[in-house]
$ cat final14.txt   # compact mmCIF, C-alpha atoms
# COMPACT_ATOMS: atom_id res chain seq x y z
CA MET A 1 6.05 -29.17 80.17
CA ASN A 2 5.02 -31.16 77.17
CA GLN A 3 1.70 -29.40 77.24
CA LYS A 4 3.35 -25.99 77.39
CA LEU A 5 5.53 -26.74 74.39
CA HIS A 6 2.47 -27.93 72.56
CA SER A 7 0.59 -24.70 73.15
CA VAL A 8 3.57 -22.63 72.04
CA ILE A 9 3.73 -24.57 68.82
CA ARG A 10 0.02 -24.13 68.33
CA LEU A 11 0.21 -20.39 68.88
CA PHE A 12 3.13 -20.17 66.51
CA SER A 13 1.33 -22.07 63.79
CA VAL A 14 -1.75 -19.87 64.15
CA VAL A 15 0.37 -16.74 63.83
CA LEU A 16 2.23 -18.18 60.85
CA SER A 17 -0.92 -19.20 59.03
CA LEU A 18 -2.43 -15.77 59.70
CA PHE A 19 0.69 -14.22 58.26
CA ILE A 20 0.63 -16.42 55.18
CA TYR A 21 -3.05 -15.75 54.74
CA LEU A 22 -2.44 -12.02 54.99
CA LEU A 23 0.42 -12.26 52.55
CA LEU A 24 -1.65 -14.13 50.04
CA PHE A 25 -4.57 -11.79 50.45
CA VAL A 26 -2.50 -8.65 49.97
CA ALA A 27 -0.55 -10.11 47.10
CA GLY A 28 -3.63 -11.41 45.37
CA SER A 29 -5.64 -8.25 45.56
CA ALA A 30 -3.08 -5.51 45.25
CA TYR A 31 -0.35 -6.89 43.01
CA ALA A 32 -1.90 -9.63 40.91
CA HIS A 33 1.33 -11.37 40.18
CA GLY A 34 -0.57 -14.36 39.01
CA VAL A 35 -1.06 -14.46 35.23
CA GLU A 36 -3.54 -16.49 33.31
CA LEU A 37 -2.41 -17.53 29.89
CA GLU A 38 -4.70 -18.86 27.24
CA TYR A 39 -4.01 -19.87 23.76
CA ASN A 40 -5.95 -20.80 20.72
CA ILE A 41 -4.56 -21.68 17.36
CA SER A 42 -6.02 -19.71 14.48
CA GLU A 43 -5.12 -18.95 10.93
CA ALA A 44 -3.22 -15.76 10.34
CA VAL A 45 -2.34 -13.85 7.22
CA GLN A 46 1.26 -12.96 6.69
CA VAL A 47 1.92 -10.27 4.15
CA THR A 48 5.40 -9.79 2.76
CA ALA A 49 5.86 -6.51 0.93
CA ARG A 50 8.80 -5.98 -1.35
CA PHE A 51 9.59 -3.47 -4.03
CA ASP A 52 9.87 -5.12 -7.42
CA SER A 53 13.63 -4.72 -7.12
CA GLY A 54 13.45 -7.20 -4.23
CA THR A 55 14.12 -4.72 -1.43
CA PRO A 56 11.74 -5.32 1.48
CA MET A 57 9.36 -2.45 2.23
CA ALA A 58 10.62 -1.89 5.76
CA ASP A 59 8.28 0.07 8.04
CA ALA A 60 5.65 0.38 5.32
CA GLN A 61 2.20 1.22 6.56
CA VAL A 62 -0.45 -1.43 6.31
CA ALA A 63 -4.20 -0.95 6.37
CA VAL A 64 -6.45 -3.98 6.52
CA PHE A 65 -10.01 -3.60 5.32
CA ALA A 66 -12.67 -6.07 6.40
CA PRO A 67 -15.21 -7.23 3.80
CA GLY A 68 -17.99 -4.77 3.19
CA ASN A 69 -16.23 -1.78 4.65
CA PRO A 70 -13.73 -0.37 2.18
CA ALA A 71 -13.77 3.10 3.72
CA GLU A 72 -12.63 2.39 7.23
CA PRO A 73 -9.64 0.20 7.99
CA TRP A 74 -10.27 -2.74 10.29
CA LEU A 75 -6.67 -2.71 11.40
CA ILE A 76 -3.66 -0.54 10.73
CA GLY A 77 -0.07 -1.45 11.38
CA ILE A 78 3.49 -1.30 10.19
CA CYS A 79 5.64 -3.88 8.45
CA ASP A 80 8.77 -5.05 10.21
CA SER A 81 12.24 -4.47 8.80
CA GLU A 82 11.80 -7.43 6.45
CA GLY A 83 8.57 -6.00 5.06
CA ARG A 84 6.43 -8.57 6.86
CA PHE A 85 3.09 -8.00 8.50
CA LEU A 86 1.04 -10.58 10.36
CA PHE A 87 -2.58 -10.39 11.36
CA VAL A 88 -5.46 -12.69 12.18
CA PRO A 89 -8.62 -11.91 10.26
CA ASP A 90 -11.86 -12.16 12.16
CA PRO A 91 -13.37 -15.51 11.09
CA ALA A 92 -16.79 -14.06 11.81
CA LEU A 93 -16.36 -11.81 8.77
CA PRO A 94 -15.98 -14.09 5.76
CA GLY A 95 -15.40 -12.57 2.37
CA LEU A 96 -12.72 -10.66 0.56
CA TRP A 97 -10.28 -8.96 2.88
CA GLU A 98 -8.18 -6.19 1.40
CA ILE A 99 -4.72 -5.43 2.61
CA GLN A 100 -3.17 -2.20 1.45
CA VAL A 101 0.53 -1.67 1.91
CA ARG A 102 2.02 1.67 1.13
CA GLN A 103 5.12 3.68 1.65
CA ALA A 104 5.80 7.05 0.10
CA GLY A 105 3.24 6.51 -2.59
CA HIS A 106 4.52 3.09 -3.50
CA GLY A 107 2.12 0.43 -2.63
CA GLY A 108 -0.27 -2.24 -3.58
CA LEU A 109 -3.49 -3.92 -2.75
CA LEU A 110 -3.70 -7.59 -1.83
CA ARG A 111 -6.97 -9.47 -1.61
CA VAL A 112 -7.37 -12.50 0.63
CA GLU A 113 -10.47 -14.62 0.48
CA VAL A 114 -11.51 -15.65 3.97
CA ALA A 115 -14.12 -18.39 3.78
CA GLU A 116 -15.77 -19.74 6.91
CA GLY A 117 -12.70 -20.74 8.85
CA ALA A 118 -10.39 -21.18 5.87
CA LEU A 119 -8.03 -18.97 3.93
CA THR A 120 -7.14 -19.09 0.32
CA GLN A 121 -3.84 -17.74 -0.80
CA SER A 122 -3.23 -15.21 -3.47
CA THR A 123 -0.47 -12.96 -4.55
CA ALA A 124 -0.56 -9.63 -6.27
CA GLY A 125 1.65 -8.89 -9.20
CA GLY A 126 5.05 -10.41 -9.59
CA PHE A 127 6.38 -11.67 -12.90
CA SER A 128 9.56 -13.67 -13.18
CA SER A 129 12.48 -11.78 -14.65
CA THR A 130 12.28 -13.90 -17.82
CA GLN A 131 8.64 -12.94 -18.30
CA LYS A 132 9.56 -9.31 -17.71
CA ALA A 133 12.36 -9.48 -20.25
CA VAL A 134 10.08 -11.05 -22.88
CA MET A 135 7.35 -8.48 -22.25
CA THR A 136 9.81 -5.61 -22.43
CA ALA A 137 11.29 -6.98 -25.64
CA ALA A 138 7.82 -7.36 -27.16
CA VAL A 139 6.86 -3.78 -26.36
CA ILE A 140 10.18 -2.39 -27.59
CA TRP A 141 9.88 -4.38 -30.79
CA GLY A 142 6.39 -2.96 -31.28
CA LEU A 143 7.68 0.57 -30.84
CA ILE A 144 10.61 -0.02 -33.19
CA GLY A 145 8.13 -1.40 -35.69
CA THR A 146 6.08 1.75 -35.32
CA ALA A 147 9.19 3.81 -35.95
CA PHE A 148 9.99 1.82 -39.10
CA PHE A 149 6.41 2.04 -40.30
CA PHE A 150 6.35 5.80 -40.07
CA SER A 151 9.82 6.28 -41.51
CA ARG A 152 9.17 4.26 -44.66
CA ARG A 153 9.48 6.08 -47.92
CA ARG A 154 6.23 7.40 -49.18
CA PRO A 155 5.32 7.12 -52.83
CA MET B 1 7.17 8.64 -9.24
CA HIS B 2 4.53 6.29 -10.65
CA ILE B 3 1.49 6.50 -8.42
CA PRO B 4 -0.25 3.11 -8.29
CA ASP B 5 -3.97 2.40 -8.19
CA GLY B 6 -5.77 2.90 -4.93
CA ILE B 7 -3.47 5.54 -3.50
CA ILE B 8 -5.25 8.69 -4.57
CA SER B 9 -8.92 9.48 -4.36
CA ALA B 10 -11.24 9.15 -7.35
CA SER B 11 -11.66 12.91 -7.71
CA VAL B 12 -7.91 13.44 -7.99
CA ALA B 13 -7.69 10.62 -10.55
CA VAL B 14 -10.46 12.18 -12.66
CA GLY B 15 -8.82 15.59 -12.34
CA GLY B 16 -5.55 14.03 -13.48
CA TYR B 17 -7.25 12.56 -16.56
CA ALA B 18 -8.81 15.92 -17.37
CA ALA B 19 -5.50 17.75 -17.05
CA ALA B 20 -3.67 15.08 -19.07
CA GLY B 21 -6.35 15.35 -21.76
CA GLY B 22 -5.84 19.09 -21.87
CA PHE B 23 -2.07 18.77 -22.19
CA THR B 24 -2.43 16.13 -24.89
CA TRP B 25 -4.71 18.45 -26.86
CA LEU B 26 -2.23 21.29 -26.40
CA SER B 27 0.63 19.04 -27.54
CA LEU B 28 -1.23 17.86 -30.63
CA LYS B 29 -1.92 21.48 -31.52
CA GLY B 30 1.75 22.23 -31.05
CA ILE B 31 2.75 19.26 -33.22
CA THR B 32 0.50 20.28 -36.10
CA ARG B 33 1.87 23.81 -35.87
CA GLN B 34 5.46 22.62 -35.83
CA TYR B 35 5.48 19.87 -38.45
CA LYS B 36 4.25 20.12 -41.99
CA GLN B 37 3.80 16.35 -41.88
CA PRO B 38 3.15 15.37 -38.23
CA ARG B 39 3.94 11.75 -39.03
CA ASP B 40 7.56 12.74 -39.68
CA GLY B 41 8.04 13.04 -35.94
CA VAL B 42 6.55 9.65 -35.12
CA PRO B 43 9.61 7.40 -35.65
CA LYS B 44 11.74 9.40 -33.22
CA ALA B 45 8.86 9.55 -30.74
CA ALA B 46 8.30 5.79 -30.98
CA LEU B 47 11.95 5.02 -30.33
CA LEU B 48 12.13 7.36 -27.36
CA THR B 49 8.91 5.87 -26.00
CA ALA B 50 10.69 2.51 -26.09
CA ALA B 51 13.57 4.02 -24.12
CA PHE B 52 11.18 5.62 -21.64
CA PHE B 53 9.27 2.36 -21.24
CA ALA B 54 12.39 0.34 -20.54
CA ALA B 55 14.13 2.96 -18.38
CA SER B 56 11.76 2.48 -15.48
CA LEU B 57 12.96 -1.11 -15.19
CA ILE B 58 16.48 0.10 -14.44
CA HIS B 59 16.67 0.43 -10.70
CA ILE B 60 19.17 2.57 -8.91
CA PRO B 61 19.51 1.50 -5.29
CA ILE B 62 19.75 4.48 -2.98
CA PRO B 63 19.44 2.84 0.44
CA PRO B 64 16.99 2.41 1.98
CA LEU B 65 15.03 3.13 -1.17
CA SER B 66 15.20 2.05 -4.73
CA VAL B 67 14.47 4.54 -7.48
CA HIS B 68 14.50 4.12 -11.21
CA LEU B 69 15.36 6.21 -14.23
CA VAL B 70 12.56 8.37 -15.59
CA LEU B 71 13.98 9.92 -18.77
CA SER B 72 11.26 12.58 -18.87
CA GLY B 73 13.95 15.21 -19.48
CA LEU B 74 15.43 13.33 -22.41
CA MET B 75 11.94 12.95 -23.87
CA GLY B 76 11.37 16.69 -23.68
CA VAL B 77 14.78 17.62 -25.08
CA MET B 78 14.53 15.20 -27.98
CA LEU B 79 10.85 15.34 -28.83
CA GLY B 80 9.52 18.80 -28.07
CA TRP B 81 5.72 18.70 -28.28
CA PHE B 82 5.77 14.98 -29.03
CA ALA B 83 7.04 14.36 -25.49
CA PHE B 84 3.65 14.48 -23.80
CA PRO B 85 1.81 11.94 -25.99
CA ALA B 86 4.91 9.74 -25.90
CA VAL B 87 4.94 9.82 -22.09
CA VAL B 88 1.23 8.93 -22.02
CA ILE B 89 1.79 5.92 -24.27
CA GLY B 90 4.86 4.82 -22.34
CA LEU B 91 2.97 5.05 -19.04
CA LEU B 92 0.01 3.15 -20.47
CA LEU B 93 2.31 0.31 -21.54
CA GLN B 94 4.06 0.29 -18.15
CA ALA B 95 0.74 0.18 -16.31
CA VAL B 96 -0.71 -2.58 -18.47
CA MET B 97 2.39 -4.75 -18.61
CA PHE B 98 4.00 -4.36 -15.23
CA GLN B 99 1.35 -2.72 -13.04
CA HIS B 100 3.88 0.04 -12.73
CA GLY B 101 1.62 2.98 -12.08
CA GLY B 102 -1.99 2.18 -12.76
CA LEU B 103 -4.81 2.70 -15.19
CA THR B 104 -6.85 4.87 -12.85
CA THR B 105 -3.81 7.00 -12.10
CA LEU B 106 -2.65 7.22 -15.71
CA GLY B 107 -3.80 10.82 -16.02
CA VAL B 108 -2.12 11.90 -12.82
CA ASN B 109 1.11 10.12 -13.72
CA ALA B 110 1.02 11.62 -17.22
CA CYS B 111 0.90 15.07 -15.64
CA ILE B 112 3.66 14.21 -13.14
CA MET B 113 6.04 13.10 -15.89
CA GLY B 114 4.71 14.73 -19.04
CA LEU B 115 4.47 18.29 -17.81
CA PRO B 116 8.13 18.36 -16.70
CA ALA B 117 9.02 16.89 -20.10
CA LEU B 118 7.31 19.81 -21.83
CA ILE B 119 9.12 22.23 -19.53
CA ALA B 120 12.41 20.51 -20.37
CA ALA B 121 11.58 21.03 -24.04
CA LEU B 122 11.03 24.72 -23.39
CA ILE B 123 14.33 25.03 -21.50
CA PHE B 124 16.20 23.28 -24.31
CA LYS B 125 14.61 25.66 -26.83
CA LEU B 126 16.65 28.42 -25.21
CA ARG B 127 19.64 27.09 -27.14
CA TYR B 128 18.44 29.03 -30.17
CA LEU B 129 19.25 32.18 -28.19
CA PHE B 130 22.86 31.08 -27.77
CA GLY B 131 23.35 29.55 -31.19
CA SER B 132 22.08 26.03 -31.64
CA GLU B 133 25.30 24.67 -33.14
CA LYS B 134 27.58 25.70 -30.27
CA VAL B 135 28.38 22.73 -28.07
CA LEU B 136 28.64 24.26 -24.60
CA PRO B 137 25.24 25.99 -24.40
CA ASN B 138 23.65 22.81 -25.74
CA LEU B 139 25.28 20.69 -23.06
CA ILE B 140 24.47 23.06 -20.22
CA LEU B 141 20.88 23.58 -21.31
CA SER B 142 20.23 19.87 -21.85
CA PHE B 143 21.63 19.14 -18.39
CA ILE B 144 19.49 21.82 -16.78
CA ALA B 145 16.42 20.70 -18.73
CA SER B 146 16.76 17.06 -17.72
CA PHE B 147 17.66 17.82 -14.12
CA THR B 148 14.67 20.14 -13.81
CA ALA B 149 12.34 17.58 -15.36
CA VAL B 150 13.19 14.87 -12.83
CA ALA B 151 13.27 17.22 -9.86
CA LEU B 152 9.97 18.81 -10.84
CA GLY B 153 8.38 15.39 -11.39
CA ALA B 154 9.50 14.23 -7.94
CA ALA B 155 8.20 17.45 -6.38
CA LEU B 156 4.82 17.12 -8.13
CA ALA B 157 4.51 13.49 -7.03
CA ALA B 158 5.45 14.38 -3.45
CA LEU B 159 2.93 17.23 -3.32
CA LEU B 160 0.20 14.98 -4.60
CA LEU B 161 1.06 12.13 -2.23
CA VAL B 162 1.16 14.33 0.83
CA TYR B 163 -2.10 15.95 -0.22
CA ALA B 164 -3.71 12.59 -0.82
CA THR B 165 -2.63 10.82 2.39
CA PRO B 166 -5.73 9.11 3.81
CA ALA B 167 -6.65 10.09 7.35
CA TYR B 168 -6.15 6.62 8.79
CA LEU B 169 -2.46 6.53 7.94
CA ASP B 170 0.26 7.78 10.22
CA PHE B 171 0.65 11.13 8.51
CA ALA B 172 4.07 11.97 9.97
CA ALA B 173 5.59 8.64 8.95
CA GLU B 174 4.14 8.86 5.44
CA HIS B 175 5.30 12.44 5.15
CA THR B 176 8.84 11.46 6.12
CA ALA B 177 8.81 8.58 3.67
CA VAL B 178 7.60 10.82 0.85
CA LEU B 179 10.25 13.39 1.66
CA ALA B 180 12.96 10.71 1.70
CA LEU B 181 11.76 9.44 -1.66
CA SER B 182 11.81 12.91 -3.17
CA PHE B 183 15.35 13.52 -2.07
CA ALA B 184 16.35 10.11 -3.36
CA HIS B 185 15.48 11.50 -6.80
CA LEU B 186 18.24 14.10 -6.63
CA PRO B 187 20.93 11.61 -7.69
CA VAL B 188 18.57 10.37 -10.43
CA ALA B 189 18.17 13.95 -11.63
CA LEU B 190 21.95 14.36 -11.74
CA VAL B 191 22.46 11.07 -13.56
CA GLU B 192 19.78 11.88 -16.10
CA GLY B 193 21.10 15.40 -16.58
CA VAL B 194 24.55 14.04 -17.40
CA PHE B 195 23.06 11.28 -19.57
CA THR B 196 20.94 13.72 -21.57
CA ALA B 197 23.93 16.02 -22.04
CA LEU B 198 25.96 13.06 -23.33
CA VAL B 199 23.21 12.08 -25.76
CA VAL B 200 22.98 15.68 -26.97
CA ALA B 201 26.77 15.89 -27.36
CA PHE B 202 26.74 12.67 -29.37
CA LEU B 203 23.89 13.79 -31.62
CA LEU B 204 25.45 17.22 -32.19
CA ARG B 205 28.43 15.45 -33.63
CA VAL B 206 26.66 12.70 -35.53
CA LYS B 207 23.29 14.03 -36.58
CA PRO B 208 22.34 17.47 -35.26
CA ALA B 209 19.12 17.38 -37.27
CA LEU B 210 17.71 14.89 -34.77
CA LEU B 211 17.77 17.58 -32.10
CA GLU B 212 15.56 19.89 -34.11
CA SER B 213 12.04 19.14 -33.03
CA GLY B 214 10.04 20.04 -36.06
CA SER B 215 10.69 20.29 -39.77
CA LYS B 216 11.52 23.81 -40.68
$ encode --input "final14.txt" --output "structure tokens"
Amino acid sequence: MNQKLHSVIRLFSVVLSLFIYLLLFVAGSAYAHGVELEYNISEAVQVTARFDSGTPMADAQVAVFAPGNPAEPWLIGICDSEGRFLFVPDPALPGLWEIQVRQAGHGGLLRVEVAEGALTQSTAGGFSSTQKAVMTAAVIWGLIGTAFFFSRRRP
Amino acid sequence: MHIPDGIISASVAVGGYAAAGGFTWLSLKGITRQYKQPRDGVPKAALLTAAFFAASLIHIPIPPLSVHLVLSGLMGVMLGWFAFPAVVIGLLLQAVMFQHGGLTTLGVNACIMGLPALIAALIFKLRYLFGSEKVLPNLILSFIASFTAVALGAALAALLLVYATPAYLDFAAEHTAVLALSFAHLPVALVEGVFTALVVAFLLRVKPALLESGSK
């Protein structure tokens, strides 16, 4: 009796393990539900594109040019709604990376120096509003001066 | 409307410079024909160049875009042949000071804004057909001239940008963006048309001689 029960259990366990094995085999080969995740931390470049009025350049098109190849973009993409674009330059290509952002003919070129494994930051353009006001005033004063010069009475 | 550096190809930029040079030559010829003393026109041209230079800093938000005043129509109406050289100088100052536009694209931009200014001048000249001292024809013609100048400038810029879209860009998206930007200039054209008409109305009352481009 005890022996009979034992053999039933044994048979059952064999069937069960076969079933599990089958399940694993089928799942592993056909569905690949298992995922391998890797990560490595690297330095990325985040570009923020705004019009000089401060409005972000939403959905502007971005072309990234690797050093030494100004004709063919290394990567193309689109800014998000805040005018941001993120990419990781290939550290195997050190040098001056060019990032061109454009939308409807508005645009600019940003250069990022990628040294071996390190980035240096730079910005393109951008004066403070005080600087802008002073520059505008200087130019306008120059033009008013020109007007005065040419409107003076001639002997 | 100001095309920055690096957007158009070198050949288009050179072509723009050539065309702008041609128009400048034509304008200088026109100025010498029109004025006994060409320097008499310089003070007015210098002051309007100042206005043109500063106008591009005035932004008009038209969501999702932001456009700025151009004043090419006012330049044409007020200056006649002087408008083109004045636009070139204004654009040069904008490019050097604010990187608004660019030095390589100066020629192209001069054509985009200067040519409509000359056309505005021609349209405003029609007032001599209706009697230059009557107010209504002056107002209507100055409005039409200024409106046309901005609309034509936007159309020229759009044509050039669509033509010069590099192959790697998403053409459809860029096309849509350019189209949106062009239509955003319609309100600017209206505003500038009204503004120019107001300036003309004011000058007709105060000093009509300022509207005569050229010493007779």
$ closest_atom_pairs --input "final14.txt" --of "chain A" --to "chain B" --cutoff "7 Å" --atoms "all atoms listed in the file" --output "JSON lines"
{"residue": "A:Ser53", "atom": "CA", "partner": "B:His59", "partner_atom": "CA", "distance": 7.0}
{"residue": "A:Gln103", "atom": "CA", "partner": "B:Ala177", "partner_atom": "CA", "distance": 6.5}
{"residue": "A:Ala104", "atom": "CA", "partner": "B:Val178", "partner_atom": "CA", "distance": 4.2}
{"residue": "A:Gly105", "atom": "CA", "partner": "B:Leu161", "partner_atom": "CA", "distance": 6.0}
{"residue": "A:His106", "atom": "CA", "partner": "B:Ile3", "partner_atom": "CA", "distance": 6.7}
{"residue": "A:Gly107", "atom": "CA", "partner": "B:Pro4", "partner_atom": "CA", "distance": 6.7}
{"residue": "A:Thr136", "atom": "CA", "partner": "B:Ala54", "partner_atom": "CA", "distance": 6.8}
{"residue": "A:Ile140", "atom": "CA", "partner": "B:Ala50", "partner_atom": "CA", "distance": 5.1}
{"residue": "A:Leu143", "atom": "CA", "partner": "B:Ala46", "partner_atom": "CA", "distance": 5.3}
{"residue": "A:Ile144", "atom": "CA", "partner": "B:Leu47", "partner_atom": "CA", "distance": 5.9}
{"residue": "A:Thr146", "atom": "CA", "partner": "B:Ala46", "partner_atom": "CA", "distance": 6.3}
{"residue": "A:Ala147", "atom": "CA", "partner": "B:Pro43", "partner_atom": "CA", "distance": 3.6}
{"residue": "A:Phe148", "atom": "CA", "partner": "B:Pro43", "partner_atom": "CA", "distance": 6.6}
{"residue": "A:Phe150", "atom": "CA", "partner": "B:Pro43", "partner_atom": "CA", "distance": 5.7}
{"residue": "A:Ser151", "atom": "CA", "partner": "B:Pro43", "partner_atom": "CA", "distance": 6.0}
$ closest_residue --input "final14.txt" --among "B:Ala95, B:Ala121, B:Val14, B:Ala172" --to "Ser72 in chain B" --atoms "all atoms listed in the file"
B:Ala121
$ atom_distance --input "final14.txt" --atom1 "CA of Ser27 in chain B" --atom2 "CA of Trp81 in chain B"
5.2 Å
$ atom_distance --input "final14.txt" --atom1 "CA of Phe124 in chain B" --atom2 "CA of Phe183 in chain B"
24.3 Å
$ residues_around --input "final14.txt" --residues "Pro85 in chain B" --least-positions-apart "2" --cutoff "10 Å" --atoms "only C-alpha atoms" --output "MDAnalysis selection string"
chainID B and resid 20:21 23:25 27:28 45 49 81:83 87:91 110 114
$ atom_distance --input "final14.txt" --atom1 "CA of Ala18 in chain B" --atom2 "CA of Phe171 in chain B"
28.0 Å
$ residues_around --input "final14.txt" --residues "Gly16 in chain B" --least-positions-apart "6" --cutoff "9 Å" --atoms "all atoms listed in the file" --output "count of residues only"
7
$ residues_near_point --input "final14.txt" --point "(12.0, 9.5, -16.4)" --cutoff "9 Å" --atoms "all atoms listed in the file" --output "PyMOL selection string"
chain B and resi 1+52+55-56+68-75+113+117+149-150+153+188-189+192
$ closest_residue --input "final14.txt" --among "B:Ile144, B:Glu212, B:Leu129, B:Lys134" --to "Leu79 in chain B" --atoms "only C-alpha atoms"
B:Glu212
$ closest_residue --input "final14.txt" --among "B:Val199, B:Ala154, B:Leu204, B:Leu141" --to "Arg127 in chain B" --atoms "only C-alpha atoms"
B:Leu141
$ closest_residue --input "final14.txt" --among "A:Gly54, A:Gly142, A:Pro89, A:Gly95" --to "Gly68 in chain A" --atoms "all atoms listed in the file"
A:Gly95
$ residues_around --input "final14.txt" --residues "Leu96 in chain A" --least-positions-apart "4" --cutoff "10 Å" --atoms "all atoms listed in the file" --output "VMD selection string"
chain A and resid 65 to 68 110 to 115
$ write_last_selection --input "final14.txt" --atoms "C-alpha atoms" --output "PDB file, in the frame of the given file"
ATOM      1  CA  PHE A  65     -10.010  -3.600   5.320  1.00  0.00           C
ATOM      2  CA  ALA A  66     -12.670  -6.070   6.400  1.00  0.00           C
ATOM      3  CA  PRO A  67     -15.210  -7.230   3.800  1.00  0.00           C
ATOM      4  CA  GLY A  68     -17.990  -4.770   3.190  1.00  0.00           C
ATOM      5  CA  LEU A 110      -3.700  -7.590  -1.830  1.00  0.00           C
ATOM      6  CA  ARG A 111      -6.970  -9.470  -1.610  1.00  0.00           C
ATOM      7  CA  VAL A 112      -7.370 -12.500   0.630  1.00  0.00           C
ATOM      8  CA  GLU A 113     -10.470 -14.620   0.480  1.00  0.00           C
ATOM      9  CA  VAL A 114     -11.510 -15.650   3.970  1.00  0.00           C
ATOM     10  CA  ALA A 115     -14.120 -18.390   3.780  1.00  0.00           C
TER      11      ALA A 115
END
$ residues_around --input "final14.txt" --residues "Val64 in chain A" --least-positions-apart "3" --cutoff "8 Å" --atoms "only C-alpha atoms" --output "list of chain:residue names"
A:Pro73, A:Trp74, A:Leu75, A:Ile76, A:Trp97, A:Glu98, A:Ile99, A:Gln100
$ closest_residue --input "final14.txt" --among "B:Ile112, B:Val135, B:Leu198, B:Val12" --to "Tyr163 in chain B" --atoms "all atoms listed in the file"
B:Val12
$ closest_residue --input "final14.txt" --among "A:His6, A:Ala49, A:Val139, A:Asn40" --to "Val96 in chain B" --atoms "only C-alpha atoms"
A:Val139
